[in-house]
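Colleague: File name query19.txt; file contents compact mmCIF, N, CA and C atoms; full text below.
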# COMPACT_ATOMS: atom_id res chain seq x y z
N MET A 96 15.25 36.10 -29.20
CA MET A 96 14.46 34.97 -28.79
C MET A 96 14.53 33.93 -29.90
N ARG A 97 14.68 32.70 -29.48
CA ARG A 97 14.64 31.59 -30.43
C ARG A 97 13.88 30.45 -29.78
N SER A 98 12.85 29.99 -30.47
CA SER A 98 12.01 28.89 -29.98
C SER A 98 11.51 29.15 -28.57
N GLY A 99 11.10 30.38 -28.30
CA GLY A 99 10.52 30.73 -27.01
C GLY A 99 11.52 30.95 -25.89
N ARG A 100 12.82 30.93 -26.19
CA ARG A 100 13.86 31.12 -25.17
C ARG A 100 14.72 32.33 -25.50
N LEU A 101 15.11 33.05 -24.46
CA LEU A 101 16.00 34.19 -24.63
C LEU A 101 17.39 33.70 -24.98
N GLU A 102 17.91 34.13 -26.12
CA GLU A 102 19.27 33.75 -26.51
C GLU A 102 20.28 34.74 -25.95
N HIS A 103 20.07 36.01 -26.20
CA HIS A 103 21.00 37.01 -25.67
C HIS A 103 20.42 38.41 -25.81
N ILE A 104 20.97 39.30 -25.02
CA ILE A 104 20.71 40.73 -25.14
C ILE A 104 22.06 41.36 -25.38
N ALA A 105 22.20 42.05 -26.49
CA ALA A 105 23.49 42.63 -26.86
C ALA A 105 23.36 44.13 -27.07
N ARG A 106 24.39 44.83 -26.70
CA ARG A 106 24.44 46.27 -26.94
C ARG A 106 25.30 46.50 -28.18
N ARG A 107 24.75 47.25 -29.11
CA ARG A 107 25.52 47.58 -30.30
C ARG A 107 26.31 48.84 -30.05
N ASN A 108 27.54 48.86 -30.49
CA ASN A 108 28.36 50.07 -30.39
C ASN A 108 28.05 50.99 -31.56
N GLY A 109 28.08 52.27 -31.29
CA GLY A 109 27.87 53.25 -32.35
C GLY A 109 26.48 53.18 -32.95
N TRP A 110 25.46 53.39 -32.12
CA TRP A 110 24.09 53.31 -32.58
C TRP A 110 23.87 54.24 -33.76
N ILE A 111 23.27 53.71 -34.81
CA ILE A 111 22.92 54.48 -36.00
C ILE A 111 21.41 54.36 -36.18
N PRO A 112 20.71 55.47 -36.41
CA PRO A 112 19.25 55.39 -36.58
C PRO A 112 18.87 54.43 -37.70
N VAL A 113 17.74 53.75 -37.50
CA VAL A 113 17.25 52.78 -38.47
C VAL A 113 16.20 53.47 -39.33
N SER A 114 16.30 53.32 -40.65
CA SER A 114 15.33 53.93 -41.55
C SER A 114 14.24 52.92 -41.90
N VAL A 115 13.09 53.43 -42.34
CA VAL A 115 12.01 52.56 -42.78
C VAL A 115 12.47 51.72 -43.97
N ALA A 116 13.28 52.29 -44.84
CA ALA A 116 13.80 51.54 -45.99
C ALA A 116 14.68 50.37 -45.54
N GLN A 117 15.49 50.58 -44.52
CA GLN A 117 16.34 49.51 -44.00
C GLN A 117 15.50 48.40 -43.40
N VAL A 118 14.46 48.77 -42.65
CA VAL A 118 13.57 47.76 -42.06
C VAL A 118 12.89 46.96 -43.17
N TRP A 119 12.41 47.65 -44.21
CA TRP A 119 11.77 46.97 -45.33
C TRP A 119 12.75 46.00 -45.99
N TRP A 120 13.99 46.44 -46.24
CA TRP A 120 14.98 45.60 -46.90
C TRP A 120 15.25 44.35 -46.06
N GLN A 121 15.41 44.53 -44.76
CA GLN A 121 15.70 43.37 -43.90
C GLN A 121 14.52 42.41 -43.88
N ALA A 122 13.30 42.94 -43.83
CA ALA A 122 12.12 42.08 -43.82
C ALA A 122 11.97 41.33 -45.15
N LYS A 123 12.35 41.96 -46.23
CA LYS A 123 12.18 41.37 -47.56
C LYS A 123 13.31 40.40 -47.92
N PHE A 124 14.55 40.76 -47.62
CA PHE A 124 15.69 39.99 -48.11
C PHE A 124 16.57 39.36 -47.04
N ALA A 125 16.48 39.80 -45.81
CA ALA A 125 17.37 39.27 -44.77
C ALA A 125 16.60 38.66 -43.61
N ARG A 126 15.37 38.26 -43.88
CA ARG A 126 14.55 37.69 -42.82
C ARG A 126 15.06 36.30 -42.46
N PRO A 127 15.30 36.05 -41.18
CA PRO A 127 15.84 34.74 -40.79
C PRO A 127 14.80 33.64 -40.91
N ASP A 128 15.27 32.42 -41.01
CA ASP A 128 14.38 31.26 -41.00
C ASP A 128 14.15 30.84 -39.56
N GLY A 129 13.12 30.08 -39.35
CA GLY A 129 12.91 29.48 -38.05
C GLY A 129 12.10 30.32 -37.08
N ASP A 130 11.98 29.78 -35.87
CA ASP A 130 11.20 30.37 -34.79
C ASP A 130 12.09 31.34 -34.02
N VAL A 131 12.26 32.55 -34.57
CA VAL A 131 13.18 33.52 -34.00
C VAL A 131 12.55 34.92 -34.06
N CYS A 132 12.88 35.75 -33.08
CA CYS A 132 12.41 37.13 -33.06
C CYS A 132 13.50 38.01 -32.46
N HIS A 133 13.94 39.00 -33.23
CA HIS A 133 14.96 39.96 -32.78
C HIS A 133 14.30 41.31 -32.57
N LEU A 134 14.61 41.96 -31.46
CA LEU A 134 14.16 43.32 -31.20
C LEU A 134 15.38 44.23 -31.20
N ASP A 135 15.27 45.35 -31.85
CA ASP A 135 16.34 46.35 -31.83
C ASP A 135 15.78 47.57 -31.12
N PHE A 136 16.42 47.95 -30.03
CA PHE A 136 15.92 49.07 -29.24
C PHE A 136 17.10 49.86 -28.71
N HIS A 137 16.82 51.08 -28.26
CA HIS A 137 17.86 51.90 -27.63
C HIS A 137 17.19 52.89 -26.69
N SER A 138 17.99 53.49 -25.86
CA SER A 138 17.54 54.57 -24.99
C SER A 138 18.13 55.86 -25.55
N PRO A 139 17.28 56.80 -25.98
CA PRO A 139 17.81 58.04 -26.56
C PRO A 139 18.72 58.77 -25.58
N ARG A 140 19.77 59.35 -26.10
CA ARG A 140 20.74 60.07 -25.28
C ARG A 140 20.04 61.14 -24.43
N GLY A 141 20.30 61.11 -23.14
CA GLY A 141 19.73 62.09 -22.23
C GLY A 141 18.29 61.80 -21.83
N MET A 142 17.75 60.65 -22.24
CA MET A 142 16.36 60.30 -21.91
C MET A 142 16.33 58.89 -21.32
N SER A 143 16.86 58.75 -20.12
CA SER A 143 16.98 57.41 -19.53
C SER A 143 15.63 56.78 -19.21
N GLY A 144 14.57 57.57 -19.13
CA GLY A 144 13.25 57.03 -18.83
C GLY A 144 12.50 56.54 -20.05
N VAL A 145 13.17 56.52 -21.20
CA VAL A 145 12.52 56.14 -22.46
C VAL A 145 13.32 55.05 -23.16
N LEU A 146 12.62 54.04 -23.67
CA LEU A 146 13.21 53.08 -24.60
C LEU A 146 12.50 53.27 -25.94
N THR A 147 13.26 53.22 -27.01
CA THR A 147 12.70 53.30 -28.35
C THR A 147 12.88 51.95 -29.02
N LEU A 148 11.76 51.34 -29.40
CA LEU A 148 11.81 50.08 -30.13
C LEU A 148 11.97 50.43 -31.60
N ASP A 149 13.16 50.17 -32.15
CA ASP A 149 13.47 50.58 -33.52
C ASP A 149 12.88 49.64 -34.55
N PHE A 150 13.01 48.34 -34.33
CA PHE A 150 12.34 47.40 -35.22
C PHE A 150 12.27 46.02 -34.60
N VAL A 151 11.33 45.24 -35.14
CA VAL A 151 11.13 43.85 -34.76
C VAL A 151 11.36 43.03 -36.02
N LEU A 152 12.21 42.04 -35.93
CA LEU A 152 12.48 41.17 -37.07
C LEU A 152 12.14 39.74 -36.65
N ALA A 153 11.02 39.24 -37.18
CA ALA A 153 10.58 37.89 -36.85
C ALA A 153 10.92 36.94 -37.98
N GLY A 154 11.35 35.75 -37.63
CA GLY A 154 11.69 34.74 -38.63
C GLY A 154 10.46 34.24 -39.36
N ARG A 155 10.70 33.59 -40.48
CA ARG A 155 9.59 33.07 -41.28
C ARG A 155 8.74 32.06 -40.51
N GLY A 156 9.35 31.35 -39.59
CA GLY A 156 8.62 30.36 -38.80
C GLY A 156 8.38 30.80 -37.37
N ALA A 157 8.42 32.09 -37.12
CA ALA A 157 8.26 32.59 -35.75
C ALA A 157 6.86 32.28 -35.22
N LYS A 158 6.82 31.73 -34.03
CA LYS A 158 5.55 31.43 -33.37
C LYS A 158 5.14 32.63 -32.53
N LEU A 159 3.85 32.74 -32.30
CA LEU A 159 3.33 33.84 -31.50
C LEU A 159 3.96 33.85 -30.11
N SER A 160 4.20 32.67 -29.54
CA SER A 160 4.79 32.60 -28.20
C SER A 160 6.20 33.20 -28.17
N THR A 161 6.95 33.05 -29.24
CA THR A 161 8.30 33.63 -29.30
C THR A 161 8.22 35.15 -29.41
N VAL A 162 7.31 35.65 -30.24
CA VAL A 162 7.15 37.10 -30.40
C VAL A 162 6.65 37.72 -29.09
N LEU A 163 5.67 37.09 -28.45
CA LEU A 163 5.18 37.61 -27.16
C LEU A 163 6.27 37.54 -26.10
N GLY A 164 7.07 36.48 -26.12
CA GLY A 164 8.19 36.38 -25.19
C GLY A 164 9.19 37.51 -25.38
N ALA A 165 9.46 37.87 -26.63
CA ALA A 165 10.36 39.00 -26.90
C ALA A 165 9.78 40.28 -26.31
N GLY A 166 8.47 40.43 -26.40
CA GLY A 166 7.82 41.60 -25.79
C GLY A 166 7.95 41.61 -24.28
N HIS A 167 7.83 40.44 -23.65
CA HIS A 167 8.02 40.35 -22.19
C HIS A 167 9.45 40.70 -21.81
N VAL A 168 10.40 40.23 -22.59
CA VAL A 168 11.80 40.55 -22.32
C VAL A 168 12.04 42.05 -22.46
N LEU A 169 11.42 42.68 -23.45
CA LEU A 169 11.55 44.14 -23.60
C LEU A 169 10.97 44.86 -22.39
N ASN A 170 9.84 44.39 -21.87
CA ASN A 170 9.27 44.98 -20.65
C ASN A 170 10.24 44.81 -19.48
N TRP A 171 10.91 43.65 -19.41
CA TRP A 171 11.88 43.41 -18.35
C TRP A 171 13.07 44.36 -18.47
N VAL A 172 13.53 44.58 -19.70
CA VAL A 172 14.63 45.53 -19.93
C VAL A 172 14.20 46.92 -19.48
N ALA A 173 12.97 47.32 -19.82
CA ALA A 173 12.47 48.63 -19.40
C ALA A 173 12.47 48.74 -17.88
N ARG A 174 12.00 47.69 -17.21
CA ARG A 174 11.97 47.71 -15.74
C ARG A 174 13.38 47.78 -15.17
N SER A 175 14.30 46.99 -15.71
CA SER A 175 15.66 46.97 -15.17
C SER A 175 16.39 48.29 -15.39
N ARG A 176 16.03 49.02 -16.44
CA ARG A 176 16.65 50.33 -16.71
C ARG A 176 15.88 51.49 -16.09
N GLY A 177 14.73 51.19 -15.50
CA GLY A 177 13.91 52.25 -14.92
C GLY A 177 13.19 53.09 -15.96
N ALA A 178 12.99 52.55 -17.15
CA ALA A 178 12.28 53.29 -18.20
C ALA A 178 10.79 53.33 -17.88
N LEU A 179 10.19 54.48 -18.09
CA LEU A 179 8.77 54.65 -17.83
C LEU A 179 7.91 54.44 -19.07
N VAL A 180 8.54 54.51 -20.26
CA VAL A 180 7.80 54.30 -21.50
C VAL A 180 8.68 53.60 -22.53
N ILE A 181 8.00 52.89 -23.44
CA ILE A 181 8.63 52.38 -24.65
C ILE A 181 7.83 52.97 -25.80
N VAL A 182 8.50 53.55 -26.77
CA VAL A 182 7.82 54.12 -27.93
C VAL A 182 8.24 53.35 -29.19
N ALA A 183 7.31 53.30 -30.15
CA ALA A 183 7.59 52.58 -31.39
C ALA A 183 6.80 53.18 -32.54
N HIS A 184 7.40 53.13 -33.71
CA HIS A 184 6.72 53.49 -34.96
C HIS A 184 6.39 52.17 -35.64
N VAL A 185 5.11 51.88 -35.77
CA VAL A 185 4.68 50.60 -36.34
C VAL A 185 4.25 50.83 -37.79
N SER A 186 4.97 50.19 -38.72
CA SER A 186 4.67 50.38 -40.14
C SER A 186 4.36 49.06 -40.84
N ASN A 187 4.10 48.01 -40.08
CA ASN A 187 3.82 46.69 -40.65
C ASN A 187 2.34 46.39 -40.50
N ALA A 188 1.66 46.14 -41.60
CA ALA A 188 0.22 45.88 -41.57
C ALA A 188 -0.13 44.61 -40.81
N SER A 189 0.84 43.71 -40.62
CA SER A 189 0.58 42.47 -39.88
C SER A 189 0.46 42.72 -38.38
N ILE A 190 0.96 43.85 -37.92
CA ILE A 190 0.87 44.20 -36.51
C ILE A 190 -0.35 45.10 -36.37
N THR A 191 -1.43 44.54 -35.85
CA THR A 191 -2.70 45.26 -35.82
C THR A 191 -2.89 46.06 -34.54
N ALA A 192 -3.76 47.07 -34.63
CA ALA A 192 -4.07 47.89 -33.46
C ALA A 192 -4.68 47.06 -32.33
N PRO A 193 -5.62 46.13 -32.60
CA PRO A 193 -6.16 45.32 -31.51
C PRO A 193 -5.08 44.48 -30.81
N MET A 194 -4.14 43.96 -31.59
CA MET A 194 -3.06 43.17 -30.99
C MET A 194 -2.19 44.05 -30.08
N LEU A 195 -1.83 45.23 -30.55
CA LEU A 195 -1.01 46.14 -29.74
C LEU A 195 -1.75 46.54 -28.46
N ARG A 196 -3.03 46.85 -28.58
CA ARG A 196 -3.81 47.23 -27.38
C ARG A 196 -3.86 46.07 -26.38
N ARG A 197 -4.03 44.87 -26.89
CA ARG A 197 -4.07 43.68 -26.02
C ARG A 197 -2.76 43.52 -25.24
N LEU A 198 -1.66 43.96 -25.84
CA LEU A 198 -0.35 43.85 -25.21
C LEU A 198 0.00 45.06 -24.35
N GLY A 199 -0.96 45.99 -24.18
CA GLY A 199 -0.74 47.14 -23.30
C GLY A 199 -0.23 48.39 -23.98
N TRP A 200 -0.18 48.40 -25.30
CA TRP A 200 0.27 49.57 -26.05
C TRP A 200 -0.91 50.48 -26.33
N GLU A 201 -0.65 51.78 -26.45
CA GLU A 201 -1.67 52.77 -26.75
C GLU A 201 -1.22 53.60 -27.95
N PRO A 202 -2.17 54.00 -28.81
CA PRO A 202 -1.79 54.87 -29.92
C PRO A 202 -1.36 56.23 -29.40
N GLN A 203 -0.39 56.83 -30.04
CA GLN A 203 0.12 58.12 -29.61
C GLN A 203 -0.38 59.24 -30.52
N GLY A 204 -1.37 58.95 -31.33
CA GLY A 204 -1.94 59.94 -32.23
C GLY A 204 -3.45 59.87 -32.17
N ASP A 205 -4.10 60.74 -32.94
CA ASP A 205 -5.56 60.82 -32.90
C ASP A 205 -6.25 59.94 -33.93
N GLY A 206 -5.67 59.78 -35.09
CA GLY A 206 -6.33 59.07 -36.18
C GLY A 206 -6.37 57.57 -35.98
N PRO A 207 -7.29 56.90 -36.69
CA PRO A 207 -7.39 55.45 -36.58
C PRO A 207 -6.20 54.72 -37.21
N SER A 208 -5.46 55.41 -38.07
CA SER A 208 -4.32 54.76 -38.73
C SER A 208 -2.98 55.25 -38.18
N THR A 209 -2.97 55.67 -36.92
CA THR A 209 -1.72 56.17 -36.34
C THR A 209 -0.65 55.09 -36.34
N SER A 210 0.59 55.49 -36.55
CA SER A 210 1.68 54.53 -36.56
C SER A 210 2.59 54.69 -35.34
N GLN A 211 2.34 55.69 -34.52
CA GLN A 211 3.13 55.91 -33.31
C GLN A 211 2.41 55.27 -32.12
N TRP A 212 3.12 54.38 -31.42
CA TRP A 212 2.54 53.66 -30.29
C TRP A 212 3.44 53.82 -29.07
N ILE A 213 2.82 53.72 -27.89
CA ILE A 213 3.55 53.90 -26.64
C ILE A 213 3.09 52.87 -25.62
N ARG A 214 4.04 52.36 -24.86
CA ARG A 214 3.76 51.42 -23.75
C ARG A 214 4.21 52.13 -22.49
N ARG A 215 3.25 52.48 -21.62
CA ARG A 215 3.54 53.26 -20.42
C ARG A 215 3.66 52.35 -19.19
N PHE A 216 4.56 52.72 -18.28
CA PHE A 216 4.75 51.98 -17.03
C PHE A 216 4.60 52.91 -15.83
N TYR A 217 3.82 53.97 -15.96
CA TYR A 217 3.68 54.95 -14.88
C TYR A 217 3.12 54.32 -13.61
N ASP A 218 2.24 53.33 -13.77
CA ASP A 218 1.60 52.69 -12.61
C ASP A 218 2.32 51.41 -12.20
N GLY A 219 3.53 51.22 -12.65
CA GLY A 219 4.29 50.02 -12.33
C GLY A 219 4.42 49.12 -13.55
N TYR A 220 5.15 48.05 -13.36
CA TYR A 220 5.45 47.12 -14.44
C TYR A 220 4.57 45.88 -14.30
N PRO A 221 4.18 45.28 -15.42
CA PRO A 221 3.37 44.07 -15.34
C PRO A 221 4.23 42.91 -14.83
N PRO A 222 3.58 41.85 -14.33
CA PRO A 222 4.36 40.66 -13.96
C PRO A 222 5.05 40.11 -15.20
N ILE A 223 6.32 39.80 -15.05
CA ILE A 223 7.11 39.33 -16.19
C ILE A 223 7.66 37.95 -15.85
N PRO A 224 7.17 36.90 -16.53
CA PRO A 224 7.59 35.53 -16.23
C PRO A 224 8.93 35.18 -16.87
N MET A 225 10.01 35.83 -16.44
CA MET A 225 11.31 35.65 -17.09
C MET A 225 11.82 34.22 -17.02
N ASP A 226 11.50 33.47 -15.95
CA ASP A 226 11.99 32.09 -15.86
C ASP A 226 11.49 31.25 -17.04
N ARG A 227 10.39 31.65 -17.64
CA ARG A 227 9.85 30.93 -18.80
C ARG A 227 10.76 31.08 -20.02
N TYR A 228 11.52 32.18 -20.08
CA TYR A 228 12.30 32.49 -21.27
C TYR A 228 13.80 32.24 -21.11
N LEU A 229 14.25 32.02 -19.90
CA LEU A 229 15.68 31.81 -19.67
C LEU A 229 16.06 30.37 -19.96
N ASN A 230 17.23 30.18 -20.55
CA ASN A 230 17.68 28.83 -20.90
C ASN A 230 17.86 27.94 -19.68
N SER A 231 18.07 28.55 -18.51
CA SER A 231 18.25 27.75 -17.30
C SER A 231 16.94 27.58 -16.54
N GLY A 232 15.82 27.97 -17.16
CA GLY A 232 14.52 27.90 -16.51
C GLY A 232 14.00 26.48 -16.44
N PRO A 233 12.73 26.33 -16.02
CA PRO A 233 12.12 25.00 -15.89
C PRO A 233 12.19 24.23 -17.21
N GLY A 234 12.52 22.99 -17.11
CA GLY A 234 12.58 22.13 -18.29
C GLY A 234 13.89 22.19 -19.04
N LYS A 235 14.83 23.01 -18.59
CA LYS A 235 16.13 23.10 -19.26
C LYS A 235 17.22 22.67 -18.29
N ALA A 236 18.21 22.00 -18.82
CA ALA A 236 19.33 21.56 -17.97
C ALA A 236 20.44 22.57 -17.98
The structure in this file should be written as structure tokens.

Modeller:
Amino acid sequence: MRSGRLEHIARRNGWIPVSVAQVWWQAKFARPDGDVCHLDFHSPRGMSGVLTLDFVLAGRGAKLSTVLGAGHVLNWVARSRGALVIVAHVSNASITAPMLRRLGWEPQGDGPSTSQWIRRFYDGYPPIPMDRYLNSGPGKA
């Protein structure tokens, strides 16, 4: 996502697990400038009903609307793949539990400081305003 618009969805060849150290390094030294948000996700082998959100990389000038739009696009990807859940390990203090709950995520552990979160779609998918994020949507030529 860039400036509230979907730029692209790309599949990486040869998926390699992402470590917490790698996420920290990218956030510290390779963080992009501008209003941009990248999501890295995959579907674990043999688990087509699950998407794993590996990391979120937001630019220094990322607006909340761009980050929320990236979340809507991820929900759309889950719906298009028939995924029933998205799971994530949240290790960034800027991403708060109230914010995640507001976006439909639930903690996957018992403690108040749990870092495992899940977004369930068992009862269907939320309305996803994709035309708002597509470059050919309203207001774009």

Colleague: Could you tell me which of A:Ile104, A:Leu148, A:Leu159, A:Ile223 comes closest to Val131 in chain A if we count only C-alpha atoms?

Modeller: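 Of A:Ile104, A:Leu148, A:Leu159, A:Ile223, the one nearest Val131 in chain A is A:Leu159, counting only C-alpha atoms.
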
Colleague: Using Å and a single decimal, report how far CA of Tyr228 in chain A sits from CA of Ser186 in chain A.

Modeller: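 Between CA of Ser186 in chain A and CA of Tyr228 in chain A the gap works out to 27.1 Å.
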
Colleague: Among chain A, which ones does DSSP assign to alpha helix (DSSP H) (computed from the backbone)? Answer as a PyMOL selection string.

Modeller: chain A and resi 115-124+159-176+192-197

Colleague: Those same residues - N, CA and C atoms - I'd like them written as a compact mmCIF listing (two decimals), in the frame of the given file.

Modeller:
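As a result, out.txt now contains:
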# COMPACT_ATOMS: atom_id res chain seq x y z
N VAL A 115 13.09 53.43 -42.34
CA VAL A 115 12.01 52.56 -42.78
C VAL A 115 12.47 51.72 -43.97
N ALA A 116 13.28 52.29 -44.84
CA ALA A 116 13.80 51.54 -45.99
C ALA A 116 14.68 50.37 -45.54
N GLN A 117 15.49 50.58 -44.52
CA GLN A 117 16.34 49.51 -44.00
C GLN A 117 15.50 48.40 -43.40
N VAL A 118 14.46 48.77 -42.65
CA VAL A 118 13.57 47.76 -42.06
C VAL A 118 12.89 46.96 -43.17
N TRP A 119 12.41 47.65 -44.21
CA TRP A 119 11.77 46.97 -45.33
C TRP A 119 12.75 46.00 -45.99
N TRP A 120 13.99 46.44 -46.24
CA TRP A 120 14.98 45.60 -46.90
C TRP A 120 15.25 44.35 -46.06
N GLN A 121 15.41 44.53 -44.76
CA GLN A 121 15.70 43.37 -43.90
C GLN A 121 14.52 42.41 -43.88
N ALA A 122 13.30 42.94 -43.83
CA ALA A 122 12.12 42.08 -43.82
C ALA A 122 11.97 41.33 -45.15
N LYS A 123 12.35 41.96 -46.23
CA LYS A 123 12.18 41.37 -47.56
C LYS A 123 13.31 40.40 -47.92
N PHE A 124 14.55 40.76 -47.62
CA PHE A 124 15.69 39.99 -48.11
C PHE A 124 16.57 39.36 -47.04
N LEU A 159 3.85 32.74 -32.30
CA LEU A 159 3.33 33.84 -31.50
C LEU A 159 3.96 33.85 -30.11
N SER A 160 4.20 32.67 -29.54
CA SER A 160 4.79 32.60 -28.20
C SER A 160 6.20 33.20 -28.17
N THR A 161 6.95 33.05 -29.24
CA THR A 161 8.30 33.63 -29.30
C THR A 161 8.22 35.15 -29.41
N VAL A 162 7.31 35.65 -30.24
CA VAL A 162 7.15 37.10 -30.40
C VAL A 162 6.65 37.72 -29.09
N LEU A 163 5.67 37.09 -28.45
CA LEU A 163 5.18 37.61 -27.16
C LEU A 163 6.27 37.54 -26.10
N GLY A 164 7.07 36.48 -26.12
CA GLY A 164 8.19 36.38 -25.19
C GLY A 164 9.19 37.51 -25.38
N ALA A 165 9.46 37.87 -26.63
CA ALA A 165 10.36 39.00 -26.90
C ALA A 165 9.78 40.28 -26.31
N GLY A 166 8.47 40.43 -26.40
CA GLY A 166 7.82 41.60 -25.79
C GLY A 166 7.95 41.61 -24.28
N HIS A 167 7.83 40.44 -23.65
CA HIS A 167 8.02 40.35 -22.19
C HIS A 167 9.45 40.70 -21.81
N VAL A 168 10.40 40.23 -22.59
CA VAL A 168 11.80 40.55 -22.32
C VAL A 168 12.04 42.05 -22.46
N LEU A 169 11.42 42.68 -23.45
CA LEU A 169 11.55 44.14 -23.60
C LEU A 169 10.97 44.86 -22.39
N ASN A 170 9.84 44.39 -21.87
CA ASN A 170 9.27 44.98 -20.65
C ASN A 170 10.24 44.81 -19.48
N TRP A 171 10.91 43.65 -19.41
CA TRP A 171 11.88 43.41 -18.35
C TRP A 171 13.07 44.36 -18.47
N VAL A 172 13.53 44.58 -19.70
CA VAL A 172 14.63 45.53 -19.93
C VAL A 172 14.20 46.92 -19.48
N ALA A 173 12.97 47.32 -19.82
CA ALA A 173 12.47 48.63 -19.40
C ALA A 173 12.47 48.74 -17.88
N ARG A 174 12.00 47.69 -17.21
CA ARG A 174 11.97 47.71 -15.74
C ARG A 174 13.38 47.78 -15.17
N SER A 175 14.30 46.99 -15.71
CA SER A 175 15.66 46.97 -15.17
C SER A 175 16.39 48.29 -15.39
N ARG A 176 16.03 49.02 -16.44
CA ARG A 176 16.65 50.33 -16.71
C ARG A 176 15.88 51.49 -16.09
N ALA A 192 -3.76 47.07 -34.63
CA ALA A 192 -4.07 47.89 -33.46
C ALA A 192 -4.68 47.06 -32.33
N PRO A 193 -5.62 46.13 -32.60
CA PRO A 193 -6.16 45.32 -31.51
C PRO A 193 -5.08 44.48 -30.81
N MET A 194 -4.14 43.96 -31.59
CA MET A 194 -3.06 43.17 -30.99
C MET A 194 -2.19 44.05 -30.08
N LEU A 195 -1.83 45.23 -30.55
CA LEU A 195 -1.01 46.14 -29.74
C LEU A 195 -1.75 46.54 -28.46
N ARG A 196 -3.03 46.85 -28.58
CA ARG A 196 -3.81 47.23 -27.38
C ARG A 196 -3.86 46.07 -26.38
N ARG A 197 -4.03 44.87 -26.89
CA ARG A 197 -4.07 43.68 -26.02
C ARG A 197 -2.76 43.52 -25.24

Colleague: Give me the residues near Ser98 in chain A as JSON, numbers by chain, where near means some atom within 5 Å (using only N, CA and C atoms) and where sequence neighbours in that chain fewer than 2 positions away do not count.

Modeller: {"A": [96, 100, 130, 131]}

Colleague: With all atoms listed in the file as the atoms that count, which of A:Asp218, A:Trp171, A:Thr147, A:Gly204 lies nearest to Ala183 in chain A?

Modeller: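 Checking each of A:Asp218, A:Trp171, A:Thr147, A:Gly204 against Ala183 in chain A, counting all atoms listed in the file, the winner is A:Thr147.
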
Colleague: Hey, can you check how far CA of Arg215 in chain A sits from atom C of Val180 in chain A?

Modeller: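 Atom C of Val180 in chain A lies 5.6 Å from CA of Arg215 in chain A.
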
Colleague: For the point (2.9, 55.8, -32.7) in file coordinates, what residues are within 6 Å, counting only N, CA and C atoms? Give the answer as a PyMOL selection string?

Modeller: chain A and resi 183-185+202-204+209-213

Colleague: Give me a file of those residues, with N, CA and C atoms, as a compact mmCIF listing (two decimals), in the frame of the given file.

Modeller:
# COMPACT_ATOMS: atom_id res chain seq x y z
N ALA A 183 7.31 53.30 -30.15
CA ALA A 183 7.59 52.58 -31.39
C ALA A 183 6.80 53.18 -32.54
N HIS A 184 7.40 53.13 -33.71
CA HIS A 184 6.72 53.49 -34.96
C HIS A 184 6.39 52.17 -35.64
N VAL A 185 5.11 51.88 -35.77
CA VAL A 185 4.68 50.60 -36.34
C VAL A 185 4.25 50.83 -37.79
N PRO A 202 -2.17 54.00 -28.81
CA PRO A 202 -1.79 54.87 -29.92
C PRO A 202 -1.36 56.23 -29.40
N GLN A 203 -0.39 56.83 -30.04
CA GLN A 203 0.12 58.12 -29.61
C GLN A 203 -0.38 59.24 -30.52
N GLY A 204 -1.37 58.95 -31.33
CA GLY A 204 -1.94 59.94 -32.23
C GLY A 204 -3.45 59.87 -32.17
N THR A 209 -2.97 55.67 -36.92
CA THR A 209 -1.72 56.17 -36.34
C THR A 209 -0.65 55.09 -36.34
N SER A 210 0.59 55.49 -36.55
CA SER A 210 1.68 54.53 -36.56
C SER A 210 2.59 54.69 -35.34
N GLN A 211 2.34 55.69 -34.52
CA GLN A 211 3.13 55.91 -33.31
C GLN A 211 2.41 55.27 -32.12
N TRP A 212 3.12 54.38 -31.42
CA TRP A 212 2.54 53.66 -30.29
C TRP A 212 3.44 53.82 -29.07
N ILE A 213 2.82 53.72 -27.89
CA ILE A 213 3.55 53.90 -26.64
C ILE A 213 3.09 52.87 -25.62

Colleague: Quick one: pull the distance between CA of Ser175 in chain A and CA of Met194 in chain A, Å, one decimal.

Modeller: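 These two atoms are separated by 24.8 Å.
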
Colleague: Could you check the closest approach to Val168 in chain A for each of A:Gly154, A:Val182, A:Glu102, A:Met225 and tell me which residue wins, using only C-alpha atoms?

Modeller: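 Closest to Val168 in chain A of all the choices is A:Met225.
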
Colleague: List every residue of chain A that DSSP, applied to the backbone of this structure, places in strand (DSSP E), and write the result as a PyMOL selection string.

Modeller: chain A and resi 132-137+145-153+180-184+201-202+211-215

Colleague: Of the candidates A:Leu179, A:Phe124, A:Gly219, A:Arg197, which shows the shortest atom-to-atom distance to Met142 in chain A, using only C-alpha atoms?

Modeller: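 Looking at the shortest contact to Met142 in chain A, the residue is A:Leu179.
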
Colleague: Applying 6 Å and only N, CA and C atoms, which residues near range 161-164 of chain A remain after dropping the ones on its own chain fewer than 3 positions away? List them as a PyMOL selection string.

Modeller: chain A and resi 98-99+132+158+167-169

Colleague: With distances taken over only C-alpha atoms, which residue among A:Arg227, A:Arg126, A:His133, A:Arg174 lies nearest Arg97 in chain A?

Modeller: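 Closest to Arg97 in chain A, using only C-alpha atoms: A:His133.
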
Colleague: Just the residues within 8 Å of Gln121 in chain A, please, counting all atoms listed in the file, with nothing from its chain fewer than 6 positions along; format it as an MDAnalysis selection string.

Modeller: chainID A and resid 115 127 152

Colleague: Between A:Trp119, A:Val145, A:Gly129, A:Leu198, which one has atoms that come closest to Ala173 in chain A, using all atoms listed in the file?

Modeller: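 Smallest distance to Ala173 in chain A is found for A:Val145.
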